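Enquirer: This one is coords22.cif, mmCIF, C-alpha atoms and all ligand atoms.
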```cif
data_my_file
#
loop_
_atom_site.group_PDB
_atom_site.id
_atom_site.type_symbol
_atom_site.label_atom_id
_atom_site.label_comp_id
_atom_site.auth_asym_id
_atom_site.auth_seq_id
_atom_site.Cartn_x
_atom_site.Cartn_y
_atom_site.Cartn_z
ATOM 1 C CA MET J 1 -19.342 -0.615 -1.369
ATOM 2 C CA CYS J 2 -20.157 1.328 1.717
ATOM 3 C CA GLY J 3 -20.205 4.912 2.871
ATOM 4 C CA ILE J 4 -19.102 7.626 5.237
ATOM 5 C CA ILE J 5 -20.624 10.880 6.365
ATOM 6 C CA ALA J 6 -19.535 13.662 8.709
ATOM 7 C CA TYR J 7 -21.184 16.807 10.033
ATOM 8 C CA LYS J 8 -20.009 19.858 11.943
ATOM 9 C CA GLY J 9 -22.295 22.792 12.561
ATOM 10 C CA GLU J 10 -25.099 23.939 14.811
ATOM 11 C CA LYS J 11 -27.652 21.168 14.294
ATOM 12 C CA LYS J 12 -27.822 17.911 16.234
ATOM 13 C CA ALA J 13 -25.194 15.841 14.410
ATOM 14 C CA SER J 14 -26.746 12.429 15.060
ATOM 15 C CA GLU J 15 -29.941 13.374 13.217
ATOM 16 C CA ILE J 16 -28.054 14.495 10.101
ATOM 17 C CA LEU J 17 -25.712 11.496 10.275
ATOM 18 C CA PHE J 18 -28.552 9.017 10.726
ATOM 19 C CA GLU J 19 -30.420 10.447 7.761
ATOM 20 C CA GLY J 20 -27.148 10.357 5.787
ATOM 21 C CA LEU J 21 -26.554 6.713 6.656
ATOM 22 C CA LYS J 22 -30.029 5.846 5.417
ATOM 23 C CA ASN J 23 -29.210 7.596 2.162
ATOM 24 C CA LEU J 24 -26.027 5.572 1.784
ATOM 25 C CA GLU J 25 -27.715 2.196 2.368
ATOM 26 C CA TYR J 26 -28.124 1.508 -1.355
ATOM 27 C CA ARG J 27 -24.324 1.067 -1.576
ATOM 28 C CA GLY J 28 -24.470 -2.174 0.420
ATOM 29 C CA TYR J 29 -22.948 -2.824 3.866
ATOM 30 C CA ASP J 30 -22.887 -5.234 6.792
ATOM 31 C CA SER J 31 -22.396 -2.914 9.797
ATOM 32 C CA ALA J 32 -23.001 0.664 10.898
ATOM 33 C CA GLY J 33 -21.374 2.989 13.408
ATOM 34 C CA MET J 34 -21.495 6.595 14.598
ATOM 35 C CA ILE J 35 -19.399 8.846 16.806
ATOM 36 C CA THR J 36 -20.267 12.287 18.135
ATOM 37 C CA LEU J 37 -18.158 14.740 20.060
ATOM 38 C CA GLU J 38 -19.415 16.990 22.834
ATOM 39 C CA ASN J 39 -17.392 18.743 25.560
ATOM 40 C CA LYS J 40 -14.269 16.804 24.570
ATOM 41 C CA ASN J 41 -16.041 13.467 25.038
ATOM 42 C CA PHE J 42 -16.683 10.929 22.332
ATOM 43 C CA ASP J 43 -19.914 8.940 22.241
ATOM 44 C CA LEU J 44 -19.226 5.896 20.045
ATOM 45 C CA ARG J 45 -21.907 3.383 19.060
ATOM 46 C CA LYS J 46 -21.502 0.653 16.457
ATOM 47 C CA ASP J 47 -22.564 -2.887 15.594
ATOM 48 C CA LYS J 48 -23.125 -5.232 12.701
ATOM 49 C CA GLY J 49 -26.527 -5.193 11.039
ATOM 50 C CA LYS J 50 -28.733 -2.756 9.152
ATOM 51 C CA VAL J 51 -28.800 0.921 10.137
ATOM 52 C CA ASP J 52 -32.335 0.586 11.537
ATOM 53 C CA GLU J 53 -31.471 -2.566 13.503
ATOM 54 C CA VAL J 54 -28.347 -1.006 14.997
ATOM 55 C CA ASN J 55 -30.300 2.149 15.791
ATOM 56 C CA ARG J 56 -33.022 0.141 17.568
ATOM 57 C CA LYS J 57 -30.347 -1.508 19.679
ATOM 58 C CA LEU J 58 -28.019 1.458 20.331
ATOM 59 C CA ASN J 59 -30.204 4.526 19.754
ATOM 60 C CA PHE J 60 -28.041 6.606 17.422
ATOM 61 C CA LEU J 61 -30.532 9.454 17.746
ATOM 62 C CA GLY J 62 -29.841 9.634 21.467
ATOM 63 C CA MET J 63 -26.296 10.813 20.758
ATOM 64 C CA ASN J 64 -25.667 14.477 21.562
ATOM 65 C CA GLY J 65 -23.282 16.984 20.004
ATOM 66 C CA ASN J 66 -23.054 19.136 16.881
ATOM 67 C CA PHE J 67 -20.042 17.330 15.486
ATOM 68 C CA GLY J 68 -19.634 13.720 14.417
ATOM 69 C CA MET J 69 -19.249 11.134 11.726
ATOM 70 C CA ALA J 70 -20.758 7.796 10.733
ATOM 71 C CA HIS J 71 -19.901 4.776 8.616
ATOM 72 C CA THR J 72 -21.454 1.843 6.843
ATOM 73 C CA ARG J 73 -18.971 -0.987 6.502
ATOM 74 C CA TRP J 74 -18.518 -3.532 3.751
ATOM 75 C CA SER J 75 -15.966 -5.781 5.415
ATOM 76 C CA THR J 76 -12.786 -6.496 3.505
ATOM 77 C CA HIS J 77 -10.443 -7.346 6.420
ATOM 78 C CA GLY J 78 -11.971 -8.910 9.512
ATOM 79 C CA VAL J 79 -15.453 -10.436 9.805
ATOM 80 C CA PRO J 80 -18.569 -8.285 10.250
ATOM 81 C CA SER J 81 -18.629 -7.809 14.036
ATOM 82 C CA LYS J 82 -19.095 -5.080 16.620
ATOM 83 C CA ILE J 83 -15.367 -4.831 17.280
ATOM 84 C CA ASN J 84 -14.512 -4.549 13.570
ATOM 85 C CA CYS J 85 -17.084 -1.798 12.858
ATOM 86 C CA HIS J 86 -15.958 1.753 12.363
ATOM 87 C CA PRO J 87 -15.241 4.291 13.820
ATOM 88 C CA HIS J 88 -11.910 3.027 15.161
ATOM 89 C CA LEU J 89 -9.954 4.779 17.900
ATOM 90 C CA SER J 90 -6.295 5.320 18.675
ATOM 91 C CA ASN J 91 -4.964 3.490 21.769
ATOM 92 C CA ASP J 92 -5.243 6.697 23.830
ATOM 93 C CA GLY J 93 -8.835 7.204 22.622
ATOM 94 C CA ASN J 94 -8.130 10.714 21.325
ATOM 95 C CA ILE J 95 -8.323 10.118 17.574
ATOM 96 C CA ALA J 96 -11.336 8.592 15.816
ATOM 97 C CA VAL J 97 -11.274 7.423 12.207
ATOM 98 C CA VAL J 98 -13.764 6.145 9.650
ATOM 99 C CA HIS J 99 -12.363 4.591 6.502
ATOM 100 C CA ASN J 100 -13.763 3.213 3.267
ATOM 101 C CA GLY J 101 -11.395 1.258 1.059
ATOM 102 C CA ILE J 102 -8.443 -1.046 1.588
ATOM 103 C CA ILE J 103 -5.054 -0.346 3.178
ATOM 104 C CA GLU J 104 -2.878 -2.773 1.261
ATOM 105 C CA ASN J 105 0.225 -2.424 3.436
ATOM 106 C CA TYR J 106 -1.648 -2.606 6.754
ATOM 107 C CA GLN J 107 0.057 -5.817 7.870
ATOM 108 C CA ILE J 108 3.532 -4.285 7.662
ATOM 109 C CA LEU J 109 2.320 -1.140 9.459
ATOM 110 C CA ARG J 110 0.528 -3.160 12.126
ATOM 111 C CA THR J 111 3.510 -5.396 12.848
ATOM 112 C CA GLU J 112 5.752 -2.352 13.197
ATOM 113 C CA LEU J 113 3.276 -0.563 15.503
ATOM 114 C CA GLU J 114 2.873 -3.699 17.642
ATOM 115 C CA ARG J 115 6.637 -3.911 17.930
ATOM 116 C CA GLU J 116 6.580 -0.352 19.252
ATOM 117 C CA GLY J 117 4.035 -1.303 21.925
ATOM 118 C CA TYR J 118 0.727 -0.273 20.345
ATOM 119 C CA TYR J 119 -2.140 -2.772 20.491
ATOM 120 C CA PHE J 120 -4.981 -3.618 18.123
ATOM 121 C CA VAL J 121 -8.492 -4.653 19.071
ATOM 122 C CA SER J 122 -9.879 -5.322 15.583
ATOM 123 C CA GLY J 123 -9.011 -7.507 12.633
ATOM 124 C CA THR J 124 -9.390 -4.617 10.203
ATOM 125 C CA ASP J 125 -6.833 -3.001 7.959
ATOM 126 C CA SER J 126 -8.259 0.400 8.987
ATOM 127 C CA GLU J 127 -7.237 0.405 12.653
ATOM 128 C CA VAL J 128 -3.626 1.199 11.749
ATOM 129 C CA ILE J 129 -4.802 4.675 10.689
ATOM 130 C CA PRO J 130 -5.747 6.224 14.076
ATOM 131 C CA ILE J 131 -2.837 4.458 15.761
ATOM 132 C CA LEU J 132 -0.347 5.914 13.269
ATOM 133 C CA VAL J 133 -1.745 9.382 13.999
ATOM 134 C CA GLU J 134 -1.349 8.778 17.736
ATOM 135 C CA LYS J 135 2.249 7.720 17.196
ATOM 136 C CA PHE J 136 3.099 10.811 15.123
ATOM 137 C CA MET J 137 1.362 13.088 17.621
ATOM 138 C CA LYS J 138 4.095 12.291 20.121
ATOM 139 C CA GLU J 139 6.226 14.610 17.950
ATOM 140 C CA TYR J 140 3.949 16.618 15.655
ATOM 141 C CA ASN J 141 0.643 18.468 15.747
ATOM 142 C CA PHE J 142 -2.583 16.834 14.575
ATOM 143 C CA LYS J 143 -2.444 18.184 11.016
ATOM 144 C CA ASP J 144 1.168 17.164 10.397
ATOM 145 C CA SER J 145 0.523 13.767 11.990
ATOM 146 C CA VAL J 146 -2.372 13.148 9.617
ATOM 147 C CA PHE J 147 -0.228 14.170 6.637
ATOM 148 C CA LYS J 148 2.516 11.806 7.762
ATOM 149 C CA THR J 149 -0.026 9.011 8.240
ATOM 150 C CA LEU J 150 -1.565 9.540 4.787
ATOM 151 C CA LYS J 151 1.903 9.280 3.203
ATOM 152 C CA MET J 152 2.332 5.829 4.750
ATOM 153 C CA LEU J 153 -0.928 4.383 3.444
ATOM 154 C CA GLU J 154 -0.887 2.279 0.286
ATOM 155 C CA GLY J 155 -4.229 1.363 -1.239
ATOM 156 C CA THR J 156 -7.558 3.138 -1.495
ATOM 157 C CA PHE J 157 -9.337 5.333 0.953
ATOM 158 C CA ALA J 158 -11.927 7.877 1.831
ATOM 159 C CA VAL J 159 -10.937 8.662 5.380
ATOM 160 C CA ILE J 160 -12.033 11.094 8.070
ATOM 161 C CA PHE J 161 -10.124 11.858 11.276
ATOM 162 C CA ILE J 162 -11.515 13.621 14.353
ATOM 163 C CA ASN J 163 -9.305 14.890 17.170
ATOM 164 C CA LYS J 164 -11.178 14.837 20.480
ATOM 165 C CA PHE J 165 -9.151 17.568 22.151
ATOM 166 C CA SER J 166 -8.720 20.095 19.365
ATOM 167 C CA ASN J 167 -12.263 19.609 18.006
ATOM 168 C CA GLU J 168 -10.742 19.380 14.505
ATOM 169 C CA LEU J 169 -11.652 17.202 11.558
ATOM 170 C CA ILE J 170 -9.417 16.286 8.631
ATOM 171 C CA ALA J 171 -10.460 14.241 5.599
ATOM 172 C CA SER J 172 -8.825 12.888 2.483
ATOM 173 C CA ARG J 173 -9.443 10.461 -0.337
ATOM 174 C CA LYS J 174 -7.698 8.261 -2.890
ATOM 175 C CA SER J 175 -9.723 6.350 -5.493
ATOM 176 C CA ILE J 176 -12.882 6.414 -3.318
ATOM 177 C CA SER J 177 -15.441 9.210 -3.582
ATOM 178 C CA LEU J 178 -15.680 11.926 -0.932
ATOM 179 C CA ILE J 179 -17.760 15.048 -1.287
ATOM 180 C CA PHE J 180 -17.618 18.219 0.769
ATOM 181 C CA GLY J 181 -20.587 20.517 1.310
ATOM 182 C CA ILE J 182 -20.648 23.974 2.898
ATOM 183 C CA GLY J 183 -23.861 25.251 4.411
ATOM 184 C CA ASP J 184 -24.684 28.165 6.685
ATOM 185 C CA LYS J 185 -22.272 27.814 9.634
ATOM 186 C CA GLU J 186 -22.030 24.101 8.971
ATOM 187 C CA PHE J 187 -20.288 21.632 6.755
ATOM 188 C CA PHE J 188 -20.778 18.109 5.517
ATOM 189 C CA LEU J 189 -18.707 15.307 4.070
ATOM 190 C CA SER J 190 -20.143 12.252 2.418
ATOM 191 C CA SER J 191 -19.531 9.480 -0.084
ATOM 192 C CA ASN J 192 -22.581 10.798 -1.950
ATOM 193 C CA PHE J 193 -23.974 14.341 -1.907
ATOM 194 C CA ASN J 194 -27.518 12.948 -1.764
ATOM 195 C CA SER J 195 -26.959 12.484 1.925
ATOM 196 C CA PHE J 196 -26.741 16.254 2.508
ATOM 197 C CA ILE J 197 -28.069 17.970 -0.647
ATOM 198 C CA LYS J 198 -31.223 19.128 1.095
ATOM 199 C CA TYR J 199 -29.074 21.310 3.396
ATOM 200 C CA THR J 200 -26.722 22.885 0.849
ATOM 201 C CA LYS J 201 -26.084 23.064 -2.868
ATOM 202 C CA LYS J 202 -22.505 24.289 -2.330
ATOM 203 C CA VAL J 203 -20.752 21.055 -3.101
ATOM 204 C CA PHE J 204 -17.103 20.225 -3.858
ATOM 205 C CA PHE J 205 -15.957 16.893 -5.225
ATOM 206 C CA LEU J 206 -12.601 16.137 -3.638
ATOM 207 C CA GLU J 207 -9.878 14.959 -5.972
ATOM 208 C CA ASP J 208 -7.415 12.178 -5.255
ATOM 209 C CA GLU J 209 -5.073 13.063 -2.410
ATOM 210 C CA ASP J 210 -6.871 16.309 -1.576
ATOM 211 C CA VAL J 211 -6.845 16.960 2.162
ATOM 212 C CA ILE J 212 -9.373 19.236 3.815
HETATM 213 N N1 LIG E 301 -11.277 -2.251 4.766
HETATM 214 C C1 LIG E 301 -12.068 -1.708 5.827
HETATM 215 C C2 LIG E 301 -12.677 -2.778 6.688
HETATM 216 O O1 LIG E 301 -12.728 -3.930 6.334
HETATM 217 C C3 LIG E 301 -13.117 -0.733 5.310
HETATM 218 C C4 LIG E 301 -14.200 -1.423 4.525
HETATM 219 C C5 LIG E 301 -15.174 -0.427 3.928
HETATM 220 O O2 LIG E 301 -14.839 0.184 2.912
HETATM 221 O O3 LIG E 301 -16.269 -0.320 4.493
HETATM 222 O O4 LIG E 301 -13.128 -2.472 7.765
#
```
Just give me the structure of the file as structure tokens.

Expert:
Amino acid sequence: MCGIIAYKGEKKASEILFEGLKNLEYRGYDSAGMITLENKNFDLRKDKGKVDEVNRKLNFLGMNGNFGMAHTRWSTHGVPSKINCHPHLSNDGNIAVVHNGIIENYQILRTELEREGYYFVSGTDSEVIPILVEKFMKEYNFKDSVFKTLKMLEGTFAVIFINKFSNELIASRKSISLIFGIGDKEFFLSSNFNSFIKYTKKVFFLEDEDVI
């Protein structure tokens, strides 16, 4: 198993996310990645290895912004490698996604998207998710595009989407834990509330197919 965590508020996101990743280490993983958003720019850093090793190499704590998310990966599709780590981006770079779980129908979705001209850089099942959102956003807003994407996914997921331009986050889950915490002018999402319980006790356990 592996984990995800997201933060939006007034604190430096990378510090909360890094601490959260450390708290999720017990779940087992082979890679770690983080993305923060500041002034409509993503800073994305990821690689295989332990959280501390990746941090030594890429300096997670040097990432600025009050909004971001992070992931520890337990590879199911695609070897542990920098390119296969999460977060994954849409082709236009506007949508970032972290995903825990398995998208069982990813091959069908990927083949169809490739036929439509989209390209894939990773060997993961997860990369179809941001690219589907990008495709739907040609016609719909971010929220509706995420809903349409979620309807197409078969399998299991805890998934978080960030839209670079609208500064919005959407999350959902199916058969994989995802917990939402509300603090003072800030909120948290995590696979385990231990990764943010010191900041808030207002905690909501998302149910299957909830979207927030
Ligand atoms: N199936 C995805 C992958 O292989 C997510 C694995 C996970 O849950 O960390 O990248």

Enquirer: With all atoms listed in the file counted, collect every polymer residue having an atom within 10 Å of ligand LIG 301 (chain E); state the result as a ChimeraX atom specification.

Expert: /J:1-4,28-32,71-81,84-88,98-104,106,122-127,155-159,176

Enquirer: For the file shown, report as a count of residues only the outcome of the PyMOL selection byres (((chain J and resi 49-63) around 12) and not hetatm) at residue level.

Expert: 51

Enquirer: Calculate how many Å separate atom CA of Ile162 of chain J from atom CA of Glu134 of chain J, rounding to one decimal.

Expert: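 Between these atoms lies a distance of 11.8 Å.
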
Enquirer: Taking the file as I've supplied it (selection: the PyMOL selection byres (((chain J and resi 197) around 12) and not hetatm)), which residues are included? Please answer as a VMD selection string.

Expert: chain J and resid 16 19 to 20 23 179 to 183 187 to 190 192 to 196 198 to 204

Enquirer: Please produce an output containing C-alpha atoms for each residue in the selection, written as a short mmCIF file (atom, residue, chain, number, x, y, z; two decimals), in the frame of the given file.

Expert:
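Saved result, again_16.cif, follows:
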```cif
data_model
loop_
_atom_site.label_atom_id
_atom_site.label_comp_id
_atom_site.auth_asym_id
_atom_site.auth_seq_id
_atom_site.Cartn_x
_atom_site.Cartn_y
_atom_site.Cartn_z
CA ILE J 16 -28.05 14.50 10.10
CA GLU J 19 -30.42 10.45 7.76
CA GLY J 20 -27.15 10.36 5.79
CA ASN J 23 -29.21 7.60 2.16
CA ILE J 179 -17.76 15.05 -1.29
CA PHE J 180 -17.62 18.22 0.77
CA GLY J 181 -20.59 20.52 1.31
CA ILE J 182 -20.65 23.97 2.90
CA GLY J 183 -23.86 25.25 4.41
CA PHE J 187 -20.29 21.63 6.76
CA PHE J 188 -20.78 18.11 5.52
CA LEU J 189 -18.71 15.31 4.07
CA SER J 190 -20.14 12.25 2.42
CA ASN J 192 -22.58 10.80 -1.95
CA PHE J 193 -23.97 14.34 -1.91
CA ASN J 194 -27.52 12.95 -1.76
CA SER J 195 -26.96 12.48 1.92
CA PHE J 196 -26.74 16.25 2.51
CA LYS J 198 -31.22 19.13 1.10
CA TYR J 199 -29.07 21.31 3.40
CA THR J 200 -26.72 22.88 0.85
CA LYS J 201 -26.08 23.06 -2.87
CA LYS J 202 -22.50 24.29 -2.33
CA VAL J 203 -20.75 21.06 -3.10
CA PHE J 204 -17.10 20.23 -3.86
#
```

Enquirer: Could you state the separation of atom CA of Leu178 of chain J and atom CA of Asn39 of chain J in Å, given to one decimal place?

Expert: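 Atom-to-atom, atom CA of Leu178 of chain J to atom CA of Asn39 of chain J, that is 27.4 Å.
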
Enquirer: Around all listed atoms of segment 113-118 of chain J, padded 3 Å per side, what centre and edge lengths does the axis-aligned box have in Å to one decimal, as lines of an AutoDock Vina configuration file?

Expert:
```
center_x = 3.7
center_y = -2.1
center_z = 18.7
size_x = 11.9
size_y = 9.6
size_z = 12.4
```

Enquirer: Between atom CA of Phe120 of chain J and atom CA of Lys174 of chain J, measure the distance and give it in Å to one decimal.

Expert: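 Value for the atom CA of Phe120 of chain J-atom CA of Lys174 of chain J distance: 24.3 Å.
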
Enquirer: Which residue gives the smallest distance to Gly93 of chain J among J:Lys185, J:Lys40, J:Arg27, J:Arg173, with all atoms listed in the file counted?

Expert: J:Lys40

Enquirer: Under the rule that only C-alpha atoms are counted, which of J:Ile83, J:Ile5, J:Val97, J:Phe142 is the nearest residue to Ile160 of chain J?

Expert: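 Among the listed residues, the smallest separation from Ile160 of chain J belongs to J:Val97.
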
Enquirer: Counting all atoms listed in the file, which residues have an atom no more than 12 Å from (-2.5, 4.2, 11.2) in the file's coordinates? Please list them as an MDAnalysis selection string.

Expert: chainID J and resid 88:91 95:99 103 105:114 118:120 124:137 145:154 159 161
